[in-house]
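Okay, protein-v3.pdb is below, PDB, C-alpha atoms:
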```pdb
ATOM      1  CA  MET A   1       0.000   0.000   0.000  1.00  0.00           C
ATOM      2  CA  GLU A   2       1.249   3.483  -0.920  1.00  0.00           C
ATOM      3  CA  TYR A   3       0.874   6.060   1.873  1.00  0.00           C
ATOM      4  CA  ASN A   4       0.597   9.803   1.274  1.00  0.00           C
ATOM      5  CA  THR A   5       3.497  10.419   3.659  1.00  0.00           C
ATOM      6  CA  SER A   6       5.828   8.546   1.319  1.00  0.00           C
ATOM      7  CA  GLN A   7       4.680  10.463  -1.771  1.00  0.00           C
ATOM      8  CA  PRO A   8       5.676  13.935  -2.994  1.00  0.00           C
ATOM      9  CA  PRO A   9       3.641  16.750  -1.384  1.00  0.00           C
ATOM     10  CA  LEU A  10       0.585  17.993  -3.249  1.00  0.00           C
ATOM     11  CA  ILE A  11       1.223  21.222  -5.096  1.00  0.00           C
ATOM     12  CA  LEU A  12      -2.437  22.203  -5.467  1.00  0.00           C
ATOM     13  CA  ARG A  13      -4.614  20.334  -2.978  1.00  0.00           C
ATOM     14  CA  GLU A  14      -7.927  21.315  -4.577  1.00  0.00           C
ATOM     15  CA  TYR A  15      -7.269  18.952  -7.517  1.00  0.00           C
ATOM     16  CA  GLY A  16      -6.075  15.968  -5.491  1.00  0.00           C
ATOM     17  CA  ARG A  17      -3.231  13.533  -5.973  1.00  0.00           C
ATOM     18  CA  ASN A  18      -4.650  11.746  -9.020  1.00  0.00           C
ATOM     19  CA  VAL A  19      -4.659  14.918 -11.105  1.00  0.00           C
ATOM     20  CA  GLN A  20      -1.097  15.662 -10.047  1.00  0.00           C
ATOM     21  CA  LYS A  21      -0.047  12.135 -11.059  1.00  0.00           C
ATOM     22  CA  LEU A  22      -1.683  12.640 -14.463  1.00  0.00           C
ATOM     23  CA  VAL A  23       0.305  15.852 -14.921  1.00  0.00           C
ATOM     24  CA  GLU A  24       3.493  13.920 -14.180  1.00  0.00           C
ATOM     25  CA  TYR A  25       2.436  11.247 -16.668  1.00  0.00           C
ATOM     26  CA  ILE A  26       1.732  13.802 -19.417  1.00  0.00           C
ATOM     27  CA  LYS A  27       5.245  15.177 -18.972  1.00  0.00           C
ATOM     28  CA  THR A  28       6.655  11.753 -19.932  1.00  0.00           C
ATOM     29  CA  ILE A  29       4.791  11.587 -23.279  1.00  0.00           C
ATOM     30  CA  GLN A  30       7.384  11.990 -26.022  1.00  0.00           C
ATOM     31  CA  ASP A  31       5.176  13.304 -28.831  1.00  0.00           C
ATOM     32  CA  LYS A  32       4.284  16.978 -28.321  1.00  0.00           C
ATOM     33  CA  SER A  33       0.924  16.799 -30.134  1.00  0.00           C
ATOM     34  CA  LYS A  34      -0.153  13.806 -28.010  1.00  0.00           C
ATOM     35  CA  ARG A  35       1.149  15.584 -24.927  1.00  0.00           C
ATOM     36  CA  THR A  36      -0.962  18.628 -25.793  1.00  0.00           C
ATOM     37  CA  GLU A  37      -4.028  16.467 -26.479  1.00  0.00           C
ATOM     38  CA  SER A  38      -3.647  14.757 -23.109  1.00  0.00           C
ATOM     39  CA  ALA A  39      -3.265  18.137 -21.403  1.00  0.00           C
ATOM     40  CA  GLU A  40      -6.529  19.355 -22.984  1.00  0.00           C
ATOM     41  CA  THR A  41      -8.293  16.215 -21.719  1.00  0.00           C
ATOM     42  CA  LEU A  42      -6.862  16.821 -18.253  1.00  0.00           C
ATOM     43  CA  ILE A  43      -8.159  20.397 -18.290  1.00  0.00           C
ATOM     44  CA  GLU A  44     -11.685  19.026 -18.839  1.00  0.00           C
ATOM     45  CA  LEU A  45     -11.162  16.682 -15.897  1.00  0.00           C
ATOM     46  CA  MET A  46      -9.975  19.598 -13.746  1.00  0.00           C
ATOM     47  CA  LYS A  47     -13.220  21.419 -14.597  1.00  0.00           C
ATOM     48  CA  GLN A  48     -15.194  18.463 -13.239  1.00  0.00           C
ATOM     49  CA  VAL A  49     -13.095  18.412 -10.086  1.00  0.00           C
ATOM     50  CA  THR A  50     -14.049  22.070  -9.461  1.00  0.00           C
ATOM     51  CA  PRO A  51     -17.679  22.225 -10.702  1.00  0.00           C
ATOM     52  CA  THR A  52     -18.581  25.295  -8.633  1.00  0.00           C
ATOM     53  CA  VAL A  53     -16.278  27.497 -10.727  1.00  0.00           C
ATOM     54  CA  LYS A  54     -18.127  29.111 -13.655  1.00  0.00           C
ATOM     55  CA  GLU A  55     -16.449  28.813 -17.049  1.00  0.00           C
ATOM     56  CA  THR A  56     -15.107  32.168 -18.221  1.00  0.00           C
ATOM     57  CA  PRO A  57     -11.946  33.190 -20.108  1.00  0.00           C
ATOM     58  CA  GLU A  58     -10.360  34.059 -16.757  1.00  0.00           C
ATOM     59  CA  THR A  59     -11.170  30.712 -15.139  1.00  0.00           C
ATOM     60  CA  SER A  60     -10.053  28.858 -18.266  1.00  0.00           C
ATOM     61  CA  GLN A  61      -6.683  30.581 -18.112  1.00  0.00           C
ATOM     62  CA  LYS A  62      -6.467  29.795 -14.396  1.00  0.00           C
ATOM     63  CA  LEU A  63      -6.905  26.059 -15.119  1.00  0.00           C
ATOM     64  CA  TRP A  64      -4.021  26.128 -17.578  1.00  0.00           C
ATOM     65  CA  ASP A  65      -1.949  28.132 -15.107  1.00  0.00           C
ATOM     66  CA  ASP A  66      -2.696  25.511 -12.457  1.00  0.00           C
ATOM     67  CA  LEU A  67      -1.584  22.774 -14.827  1.00  0.00           C
ATOM     68  CA  TYR A  68       1.708  24.600 -15.377  1.00  0.00           C
ATOM     69  CA  ILE A  69       2.093  25.029 -11.612  1.00  0.00           C
ATOM     70  CA  MET A  70       1.515  21.323 -10.952  1.00  0.00           C
ATOM     71  CA  SER A  71       4.143  20.538 -13.585  1.00  0.00           C
ATOM     72  CA  ASN A  72       6.625  22.771 -11.765  1.00  0.00           C
ATOM     73  CA  PHE A  73       6.677  24.904 -14.931  1.00  0.00           C
ATOM     74  CA  ASP A  74       8.332  22.049 -16.784  1.00  0.00           C
ATOM     75  CA  ILE A  75       5.930  20.935 -19.518  1.00  0.00           C
ATOM     76  CA  ASP A  76       6.142  21.633 -23.253  1.00  0.00           C
ATOM     77  CA  ILE A  77       2.640  21.856 -24.771  1.00  0.00           C
ATOM     78  CA  GLU A  78       0.710  23.964 -27.290  1.00  0.00           C
ATOM     79  CA  ALA A  79      -1.645  25.629 -24.812  1.00  0.00           C
ATOM     80  CA  PRO A  80      -4.079  28.489 -25.566  1.00  0.00           C
ATOM     81  CA  TYR A  81      -2.316  30.551 -22.911  1.00  0.00           C
ATOM     82  CA  PRO A  82       1.402  31.153 -22.372  1.00  0.00           C
ATOM     83  CA  MET A  83       3.167  29.659 -19.385  1.00  0.00           C
ATOM     84  CA  PRO A  84       2.998  32.161 -16.504  1.00  0.00           C
ATOM     85  CA  GLU A  85       6.189  33.449 -14.975  1.00  0.00           C
ATOM     86  CA  LYS A  86       7.018  31.611 -11.789  1.00  0.00           C
ATOM     87  CA  GLU A  87       8.326  34.786 -10.143  1.00  0.00           C
ATOM     88  CA  VAL A  88       5.059  36.636 -10.805  1.00  0.00           C
ATOM     89  CA  LEU A  89       2.906  33.875  -9.275  1.00  0.00           C
ATOM     90  CA  ASN A  90       5.121  33.625  -6.195  1.00  0.00           C
ATOM     91  CA  LYS A  91       5.317  37.376  -5.740  1.00  0.00           C
ATOM     92  CA  LYS A  92       3.623  38.507  -2.546  1.00  0.00           C
ATOM     93  CA  PRO A  93       1.148  41.383  -2.840  1.00  0.00           C
ATOM     94  CA  LYS A  94       2.478  44.740  -1.772  1.00  0.00           C
ATOM     95  CA  ARG A  95       1.515  45.593   1.767  1.00  0.00           C
ATOM     96  CA  LEU A  96      -0.815  48.555   1.999  1.00  0.00           C
ATOM     97  CA  ASP A  97       0.330  51.327   4.260  1.00  0.00           C
ATOM     98  CA  TYR A  98      -2.260  52.621   6.681  1.00  0.00           C
ATOM     99  CA  SER A  99      -2.923  56.316   6.698  1.00  0.00           C
ATOM    100  CA  LYS A 100      -0.667  57.993   9.187  1.00  0.00           C
ATOM    101  CA  HIS A 101      -2.810  61.129   9.312  1.00  0.00           C
ATOM    102  CA  ASP A 102      -3.586  61.930  12.927  1.00  0.00           C
ATOM    103  CA  VAL A 103      -6.982  63.478  13.547  1.00  0.00           C
ATOM    104  CA  LYS A 104      -6.649  66.035  16.337  1.00  0.00           C
ATOM    105  CA  PHE A 105     -10.224  65.633  17.544  1.00  0.00           C
ATOM    106  CA  LYS A 106     -11.489  62.120  16.772  1.00  0.00           C
ATOM    107  CA  HIS A 107     -15.066  62.871  17.813  1.00  0.00           C
ATOM    108  CA  TYR A 108     -15.297  65.405  14.968  1.00  0.00           C
ATOM    109  CA  GLY A 109     -13.682  63.170  12.369  1.00  0.00           C
ATOM    110  CA  LYS A 110     -11.359  63.953   9.480  1.00  0.00           C
ATOM    111  CA  ASN A 111     -14.111  65.516   7.340  1.00  0.00           C
ATOM    112  CA  ILE A 112     -14.324  68.474   9.704  1.00  0.00           C
ATOM    113  CA  GLU A 113     -10.639  69.130   9.142  1.00  0.00           C
ATOM    114  CA  LEU A 114     -11.212  68.992   5.385  1.00  0.00           C
ATOM    115  CA  LEU A 115     -14.110  71.460   5.671  1.00  0.00           C
ATOM    116  CA  ILE A 116     -11.951  73.809   7.725  1.00  0.00           C
ATOM    117  CA  LYS A 117      -9.232  73.668   5.056  1.00  0.00           C
ATOM    118  CA  GLU A 118     -11.821  74.629   2.435  1.00  0.00           C
ATOM    119  CA  ALA A 119     -13.151  77.446   4.640  1.00  0.00           C
ATOM    120  CA  ILE A 120      -9.642  78.888   4.980  1.00  0.00           C
ATOM    121  CA  LYS A 121      -9.487  79.229   1.183  1.00  0.00           C
ATOM    122  CA  LYS A 122     -12.558  81.496   1.117  1.00  0.00           C
ATOM    123  CA  GLU A 123     -11.517  85.134   0.664  1.00  0.00           C
ATOM    124  CA  ASP A 124     -14.949  86.735   1.077  1.00  0.00           C
ATOM    125  CA  PRO A 125     -15.471  87.520   4.822  1.00  0.00           C
ATOM    126  CA  ALA A 126     -19.211  86.789   4.665  1.00  0.00           C
ATOM    127  CA  GLU A 127     -18.681  83.402   2.994  1.00  0.00           C
ATOM    128  CA  ARG A 128     -15.941  82.547   5.466  1.00  0.00           C
ATOM    129  CA  GLU A 129     -18.216  83.417   8.405  1.00  0.00           C
ATOM    130  CA  GLU A 130     -21.027  81.292   6.956  1.00  0.00           C
ATOM    131  CA  ALA A 131     -18.574  78.406   6.630  1.00  0.00           C
ATOM    132  CA  ILE A 132     -17.437  78.806  10.250  1.00  0.00           C
ATOM    133  CA  ILE A 133     -21.049  78.798  11.472  1.00  0.00           C
ATOM    134  CA  TYR A 134     -21.877  75.700   9.432  1.00  0.00           C
ATOM    135  CA  ILE A 135     -18.768  73.906  10.702  1.00  0.00           C
ATOM    136  CA  GLY A 136     -19.617  74.908  14.265  1.00  0.00           C
ATOM    137  CA  LYS A 137     -23.112  73.445  13.896  1.00  0.00           C
ATOM    138  CA  LEU A 138     -21.666  70.188  12.570  1.00  0.00           C
ATOM    139  CA  MET A 139     -19.099  69.980  15.349  1.00  0.00           C
ATOM    140  CA  LYS A 140     -21.784  70.485  17.977  1.00  0.00           C
ATOM    141  CA  SER A 141     -23.902  67.715  16.429  1.00  0.00           C
ATOM    142  CA  PHE A 142     -20.940  65.331  16.146  1.00  0.00           C
ATOM    143  CA  TYR A 143     -19.895  66.009  19.733  1.00  0.00           C
ATOM    144  CA  SER A 144     -23.428  65.267  20.970  1.00  0.00           C
ATOM    145  CA  SER A 145     -23.348  61.933  19.151  1.00  0.00           C
ATOM    146  CA  TRP A 146     -19.981  61.126  20.733  1.00  0.00           C
ATOM    147  CA  ASN A 147     -20.698  62.480  24.213  1.00  0.00           C
ATOM    148  CA  LYS A 148     -24.009  63.097  25.953  1.00  0.00           C
ATOM    149  CA  GLU A 149     -22.636  66.154  27.731  1.00  0.00           C
ATOM    150  CA  VAL A 150     -23.426  69.603  26.302  1.00  0.00           C
ATOM    151  CA  ILE A 151     -20.385  71.292  24.815  1.00  0.00           C
ATOM    152  CA  ASP A 152     -19.956  75.050  25.258  1.00  0.00           C
ATOM    153  CA  ASP A 153     -19.697  77.233  22.170  1.00  0.00           C
ATOM    154  CA  SER A 154     -16.391  78.614  23.426  1.00  0.00           C
ATOM    155  CA  VAL A 155     -14.880  75.100  23.293  1.00  0.00           C
ATOM    156  CA  ILE A 156     -16.083  74.581  19.709  1.00  0.00           C
ATOM    157  CA  LEU A 157     -14.677  77.948  18.667  1.00  0.00           C
ATOM    158  CA  GLU A 158     -11.372  77.160  20.350  1.00  0.00           C
ATOM    159  CA  ASN A 159     -11.247  73.803  18.534  1.00  0.00           C
ATOM    160  CA  ILE A 160     -11.887  75.556  15.210  1.00  0.00           C
ATOM    161  CA  LYS A 161      -9.020  77.932  15.937  1.00  0.00           C
ATOM    162  CA  THR A 162      -6.749  75.013  16.814  1.00  0.00           C
ATOM    163  CA  ILE A 163      -7.540  72.985  13.699  1.00  0.00           C
ATOM    164  CA  SER A 164      -7.274  76.041  11.419  1.00  0.00           C
ATOM    165  CA  LYS A 165      -4.093  77.174  13.210  1.00  0.00           C
ATOM    166  CA  GLY A 166      -5.713  80.464  14.136  1.00  0.00           C
ATOM    167  CA  GLU A 167      -6.923  81.336  10.628  1.00  0.00           C
ATOM    168  CA  LEU A 168     -10.646  80.890  11.348  1.00  0.00           C
ATOM    169  CA  THR A 169     -12.386  82.799  14.098  1.00  0.00           C
ATOM    170  CA  ILE A 170     -15.674  84.496  14.886  1.00  0.00           C
ATOM    171  CA  ASP A 171     -16.891  86.703  17.706  1.00  0.00           C
ATOM    172  CA  LEU A 172     -17.893  84.428  20.595  1.00  0.00           C
ATOM    173  CA  ASP A 173     -20.479  86.881  21.994  1.00  0.00           C
ATOM    174  CA  LYS A 174     -22.199  86.955  18.619  1.00  0.00           C
ATOM    175  CA  VAL A 175     -22.241  83.164  18.488  1.00  0.00           C
ATOM    176  CA  LYS A 176     -23.817  82.882  21.926  1.00  0.00           C
ATOM    177  CA  GLU A 177     -26.259  85.749  21.492  1.00  0.00           C
ATOM    178  CA  ASP A 178     -27.635  84.480  18.168  1.00  0.00           C
ATOM    179  CA  ASN A 179     -27.147  80.817  19.054  1.00  0.00           C
ATOM    180  CA  LEU A 180     -25.214  80.369  15.793  1.00  0.00           C
ATOM    181  CA  PHE A 181     -23.758  76.992  16.694  1.00  0.00           C
ATOM    182  CA  GLU A 182     -27.106  75.384  17.440  1.00  0.00           C
ATOM    183  CA  LYS A 183     -27.043  71.753  16.297  1.00  0.00           C
ATOM    184  CA  LEU A 184     -28.097  71.121  12.711  1.00  0.00           C
ATOM    185  CA  TYR A 185     -30.400  68.249  13.589  1.00  0.00           C
ATOM    186  CA  SER A 186     -32.257  70.194  16.230  1.00  0.00           C
ATOM    187  CA  ASN A 187     -32.923  72.906  13.631  1.00  0.00           C
ATOM    188  CA  LYS A 188     -34.387  70.336  11.290  1.00  0.00           C
ATOM    189  CA  ARG A 189     -36.658  69.021  14.009  1.00  0.00           C
ATOM    190  CA  ARG A 190     -37.852  72.526  14.877  1.00  0.00           C
ATOM    191  CA  ASN A 191     -38.531  73.315  11.245  1.00  0.00           C
ATOM    192  CA  ALA A 192     -40.488  70.090  10.958  1.00  0.00           C
ATOM    193  CA  ARG A 193     -42.818  70.922  13.868  1.00  0.00           C
ATOM    194  CA  PRO A 194     -44.945  73.613  12.136  1.00  0.00           C
ATOM    195  CA  ALA A 195     -45.507  71.254   9.204  1.00  0.00           C
ATOM    196  CA  SER A 196     -46.869  68.582  11.534  1.00  0.00           C
ATOM    197  CA  GLY A 197     -49.003  71.218  13.253  1.00  0.00           C
ATOM    198  CA  LYS A 198     -50.544  72.207   9.925  1.00  0.00           C
ATOM    199  CA  SER A 199     -51.411  68.625   9.187  1.00  0.00           C
ATOM    200  CA  ASN A 200     -53.111  68.353  12.607  1.00  0.00           C
ATOM    201  CA  ASP A 201     -55.124  71.516  11.849  1.00  0.00           C
ATOM    202  CA  ARG A 202     -56.266  69.997   8.568  1.00  0.00           C
ATOM    203  CA  LYS A 203     -57.341  66.803  10.321  1.00  0.00           C
ATOM    204  CA  SER A 204     -59.343  68.748  12.933  1.00  0.00           C
ATOM    205  CA  SER A 205     -61.027  70.907  10.258  1.00  0.00           C
ATOM    206  CA  ASN A 206     -61.980  67.771   8.312  1.00  0.00           C
ATOM    207  CA  ARG A 207     -63.522  66.310  11.459  1.00  0.00           C
ATOM    208  CA  ASN A 208     -65.574  69.509  12.049  1.00  0.00           C
ATOM    209  CA  ARG A 209     -66.882  69.388   8.499  1.00  0.00           C
ATOM    210  CA  ARG A 210     -68.004  65.789   8.935  1.00  0.00           C
ATOM    211  CA  LYS A 211     -69.845  66.687  12.140  1.00  0.00           C
ATOM    212  CA  ARG A 212     -71.688  69.549  10.385  1.00  0.00           C
ATOM    213  CA  ASN A 213     -72.715  67.281   7.563  1.00  0.00           C
TER     214      ASN A 213
END
```

If you convert what's in this file into structure tokens, what do you get?
Amino acid sequence: MEYNTSQPPLILREYGRNVQKLVEYIKTIQDKSKRTESAETLIELMKQVTPTVKETPETSQKLWDDLYIMSNFDIDIEAPYPMPEKEVLNKKPKRLDYSKHDVKFKHYGKNIELLIKEAIKKEDPAEREEAIIYIGKLMKSFYSSWNKEVIDDSVILENIKTISKGELTIDLDKVKEDNLFEKLYSNKRRNARPASGKSNDRKSSNRNRRKRN
């Protein structure tokens, strides 16, 4: 009895030892045309061994590549695809470097920093102030999502100054007096209330009409 431990290691386990033995047998065939014909037959067998793989030009090329791999790149046949380079197949993918950009205030996120950079580019004072107010509203909303505590407008303004390196600022008294940094989402909710009130008025008026009729 022949044990697996005494046999050469499998190169591609998904095809099994019998397929690998057939590859070794094909290599011994002297006539190139017969060798090629046997290789084509083996490719059809390899398709049956991996039935879950759909047949496409890419998968067909992969089967031939696998045959070359199992032959240790030492088989002379007329294949529809060239023999792949051994160095390319063994080449490890390049390791992706993680972004080393440090976000100063993680609870605001990197997008706030990007918005501040865009606001710095604005030359018109009115547009720059509008941008600061919008950023302040966002920062207040983001902070509330991160922390249940209420953040003071002075802290938000100080954070804007820090991120912009002192290039963006606005009068703190004006911010507090006009409540300029009020959270965006709370504004949306307040704006939505009158609409719901109107719908309730319509419902009540419809009820009164029904009673009269």

For this session: Determine the residue membership of the PyMOL selection byres ((chain A and resi 21) around 12) for the file above and supply it as a VMD selection string.
Result: chain A and resid 7 to 12 15 to 20 22 to 28 42 67 70 to 71

For this session: May I have the residues within 8 Å of range 135-139 of chain A as a list in words, using all atoms listed in the file and disregarding those fewer than 2 positions away in the same chain?
Result: Tyr108, Ile112, Leu115, Ile116, Ala131, Ile132, Ile133, Ser141, Phe142, Tyr143, Ile156, Leu157, Ile160, Leu180, Phe181, Glu182, Lys183 and Leu184 of chain A

Residues as selected, C-alpha atoms, written as a JSON list (two decimals), in the frame of the given file, can you do that?
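Written out: selection08.json:
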```
[["chain", "number", "residue", "atom", "x", "y", "z"],
["A", 108, "TYR", "CA", -15.30, 65.40, 14.97],
["A", 112, "ILE", "CA", -14.32, 68.47, 9.70],
["A", 115, "LEU", "CA", -14.11, 71.46, 5.67],
["A", 116, "ILE", "CA", -11.95, 73.81, 7.72],
["A", 131, "ALA", "CA", -18.57, 78.41, 6.63],
["A", 132, "ILE", "CA", -17.44, 78.81, 10.25],
["A", 133, "ILE", "CA", -21.05, 78.80, 11.47],
["A", 141, "SER", "CA", -23.90, 67.72, 16.43],
["A", 142, "PHE", "CA", -20.94, 65.33, 16.15],
["A", 143, "TYR", "CA", -19.90, 66.01, 19.73],
["A", 156, "ILE", "CA", -16.08, 74.58, 19.71],
["A", 157, "LEU", "CA", -14.68, 77.95, 18.67],
["A", 160, "ILE", "CA", -11.89, 75.56, 15.21],
["A", 180, "LEU", "CA", -25.21, 80.37, 15.79],
["A", 181, "PHE", "CA", -23.76, 76.99, 16.69],
["A", 182, "GLU", "CA", -27.11, 75.38, 17.44],
["A", 183, "LYS", "CA", -27.04, 71.75, 16.30],
["A", 184, "LEU", "CA", -28.10, 71.12, 12.71]]
```

Problem set entry | Point-to-point distance from CA of Glu118 in chain A to CA of Ser144 in chain A, Å rounded to tenths |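 About the pair CA of Glu118 in chain A and CA of Ser144 in chain A: they are 23.8 Å apart.
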
Problem set entry | d(CA of Glu149 in chain A, CA of Asp178 in chain A) in Å |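 About the pair CA of Glu149 in chain A and CA of Asp178 in chain A: they are 21.3 Å apart.
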
Once the PyMOL selection byres ((chain A and resi 35-37) around 10) has been evaluated on this model, what residues remain selected, and can you format them as a PDB file with C-alpha atoms, in the frame of the given file?
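Below is the file part_0.pdb, written as the result:
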```pdb
ATOM      1  CA  TYR A  25       2.436  11.247 -16.668  1.00  0.00           C
ATOM      2  CA  ILE A  26       1.732  13.802 -19.417  1.00  0.00           C
ATOM      3  CA  LYS A  27       5.245  15.177 -18.972  1.00  0.00           C
ATOM      4  CA  THR A  28       6.655  11.753 -19.932  1.00  0.00           C
ATOM      5  CA  ILE A  29       4.791  11.587 -23.279  1.00  0.00           C
ATOM      6  CA  GLN A  30       7.384  11.990 -26.022  1.00  0.00           C
ATOM      7  CA  ASP A  31       5.176  13.304 -28.831  1.00  0.00           C
ATOM      8  CA  LYS A  32       4.284  16.978 -28.321  1.00  0.00           C
ATOM      9  CA  SER A  33       0.924  16.799 -30.134  1.00  0.00           C
ATOM     10  CA  LYS A  34      -0.153  13.806 -28.010  1.00  0.00           C
ATOM     11  CA  SER A  38      -3.647  14.757 -23.109  1.00  0.00           C
ATOM     12  CA  ALA A  39      -3.265  18.137 -21.403  1.00  0.00           C
ATOM     13  CA  GLU A  40      -6.529  19.355 -22.984  1.00  0.00           C
ATOM     14  CA  THR A  41      -8.293  16.215 -21.719  1.00  0.00           C
ATOM     15  CA  LEU A  42      -6.862  16.821 -18.253  1.00  0.00           C
ATOM     16  CA  ILE A  43      -8.159  20.397 -18.290  1.00  0.00           C
ATOM     17  CA  ILE A  75       5.930  20.935 -19.518  1.00  0.00           C
ATOM     18  CA  ASP A  76       6.142  21.633 -23.253  1.00  0.00           C
ATOM     19  CA  ILE A  77       2.640  21.856 -24.771  1.00  0.00           C
ATOM     20  CA  GLU A  78       0.710  23.964 -27.290  1.00  0.00           C
ATOM     21  CA  ALA A  79      -1.645  25.629 -24.812  1.00  0.00           C
TER      22      ALA A  79
END
```

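Between CA of Glu113 in chain A and CA of Trp146 in chain A the interatomic distance comes to 16.9 Å.
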
Exercise. Quick one: of A:Glu130, A:Asp152, A:Glu158, A:Glu85, who's nearest to Phe105 in chain A, counting only C-alpha atoms?
Worked result: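 The answer is A:Glu158, which sits nearest to Phe105 in chain A.
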
Running the PyMOL selection byres ((chain A and resi 80-82) around 9) on this model by hand, what would come out? Give it as a CSV table (one decimal) with C-alpha atoms, keeping the file's coordinate frame.
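The file below, selection.csv, is the result:
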```
chain,number,residue,atom,x,y,z
A,61,GLN,CA,-6.7,30.6,-18.1
A,64,TRP,CA,-4.0,26.1,-17.6
A,65,ASP,CA,-1.9,28.1,-15.1
A,78,GLU,CA,0.7,24.0,-27.3
A,79,ALA,CA,-1.6,25.6,-24.8
A,83,MET,CA,3.2,29.7,-19.4
A,84,PRO,CA,3.0,32.2,-16.5
```

Set up a box along x, y and z of the file covering all listed atoms of range 6-19 of chain A, add 6 Å on every one of the six sides, and write the centre and edge lengths in Å to one decimal, as lines of an AutoDock Vina configuration file.
```
center_x = -1.0
center_y = 15.4
center_z = -4.9
size_x = 25.8
size_y = 25.7
size_z = 24.4
```

Exercise. Quick one: of A:Asp66, A:Glu123, A:Asp74, A:Glu167, who's nearest to Met46 in chain A, counting only C-alpha atoms?
Worked result: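 Of A:Asp66, A:Glu123, A:Asp74, A:Glu167, the one nearest Met46 in chain A, counting only C-alpha atoms, is A:Asp66.
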
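Residue nearest Glu129 in chain A within the list A:Asp153, A:Asn147, A:Glu55, A:Val175: A:Val175 [criterion: smallest interatomic distance, only C-alpha atoms].
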
Take the structure in the block and write a file for range 12-25 of chain A, N, CA, C and O atoms, as a CSV table (one decimal), in the first residue's frame.
```csv
chain,number,residue,atom,x,y,z
A,12,LEU,N,-1.1,21.5,-5.6
A,12,LEU,CA,-2.4,22.2,-5.5
A,12,LEU,C,-3.4,21.2,-4.9
A,12,LEU,O,-3.9,20.3,-5.6
A,13,ARG,N,-3.8,21.3,-3.7
A,13,ARG,CA,-4.6,20.3,-3.0
A,13,ARG,C,-6.0,20.2,-3.5
A,13,ARG,O,-6.7,19.2,-3.4
A,14,GLU,N,-6.5,21.3,-4.1
A,14,GLU,CA,-7.9,21.3,-4.6
A,14,GLU,C,-8.2,20.3,-5.7
A,14,GLU,O,-9.3,19.9,-5.9
A,15,TYR,N,-7.1,19.9,-6.4
A,15,TYR,CA,-7.3,19.0,-7.5
A,15,TYR,C,-7.0,17.5,-7.1
A,15,TYR,O,-7.4,16.6,-7.8
A,16,GLY,N,-6.3,17.3,-6.0
A,16,GLY,CA,-6.1,16.0,-5.5
A,16,GLY,C,-4.8,15.3,-6.1
A,16,GLY,O,-4.2,15.9,-7.1
A,17,ARG,N,-4.5,14.2,-5.6
A,17,ARG,CA,-3.2,13.5,-6.0
A,17,ARG,C,-3.3,12.9,-7.4
A,17,ARG,O,-2.4,12.9,-8.1
A,18,ASN,N,-4.5,12.4,-7.7
A,18,ASN,CA,-4.6,11.7,-9.0
A,18,ASN,C,-4.4,12.7,-10.2
A,18,ASN,O,-3.8,12.3,-11.2
A,19,VAL,N,-4.9,13.9,-10.1
A,19,VAL,CA,-4.7,14.9,-11.1
A,19,VAL,C,-3.2,15.2,-11.2
A,19,VAL,O,-2.6,15.4,-12.3
A,20,GLN,N,-2.5,15.4,-10.0
A,20,GLN,CA,-1.1,15.7,-10.0
A,20,GLN,C,-0.3,14.5,-10.7
A,20,GLN,O,0.7,14.8,-11.4
A,21,LYS,N,-0.7,13.3,-10.4
A,21,LYS,CA,0.0,12.1,-11.1
A,21,LYS,C,-0.2,12.1,-12.6
A,21,LYS,O,0.7,11.8,-13.3
A,22,LEU,N,-1.4,12.6,-13.0
A,22,LEU,CA,-1.7,12.6,-14.5
A,22,LEU,C,-0.8,13.7,-15.1
A,22,LEU,O,-0.3,13.5,-16.3
A,23,VAL,N,-0.6,14.8,-14.4
A,23,VAL,CA,0.3,15.9,-14.9
A,23,VAL,C,1.7,15.3,-15.1
A,23,VAL,O,2.4,15.5,-16.1
A,24,GLU,N,2.2,14.5,-14.1
A,24,GLU,CA,3.5,13.9,-14.2
A,24,GLU,C,3.6,12.9,-15.3
A,24,GLU,O,4.6,12.8,-16.0
A,25,TYR,N,2.5,12.2,-15.6
A,25,TYR,CA,2.4,11.2,-16.7
A,25,TYR,C,2.5,12.0,-18.0
A,25,TYR,O,3.2,11.5,-18.9
```
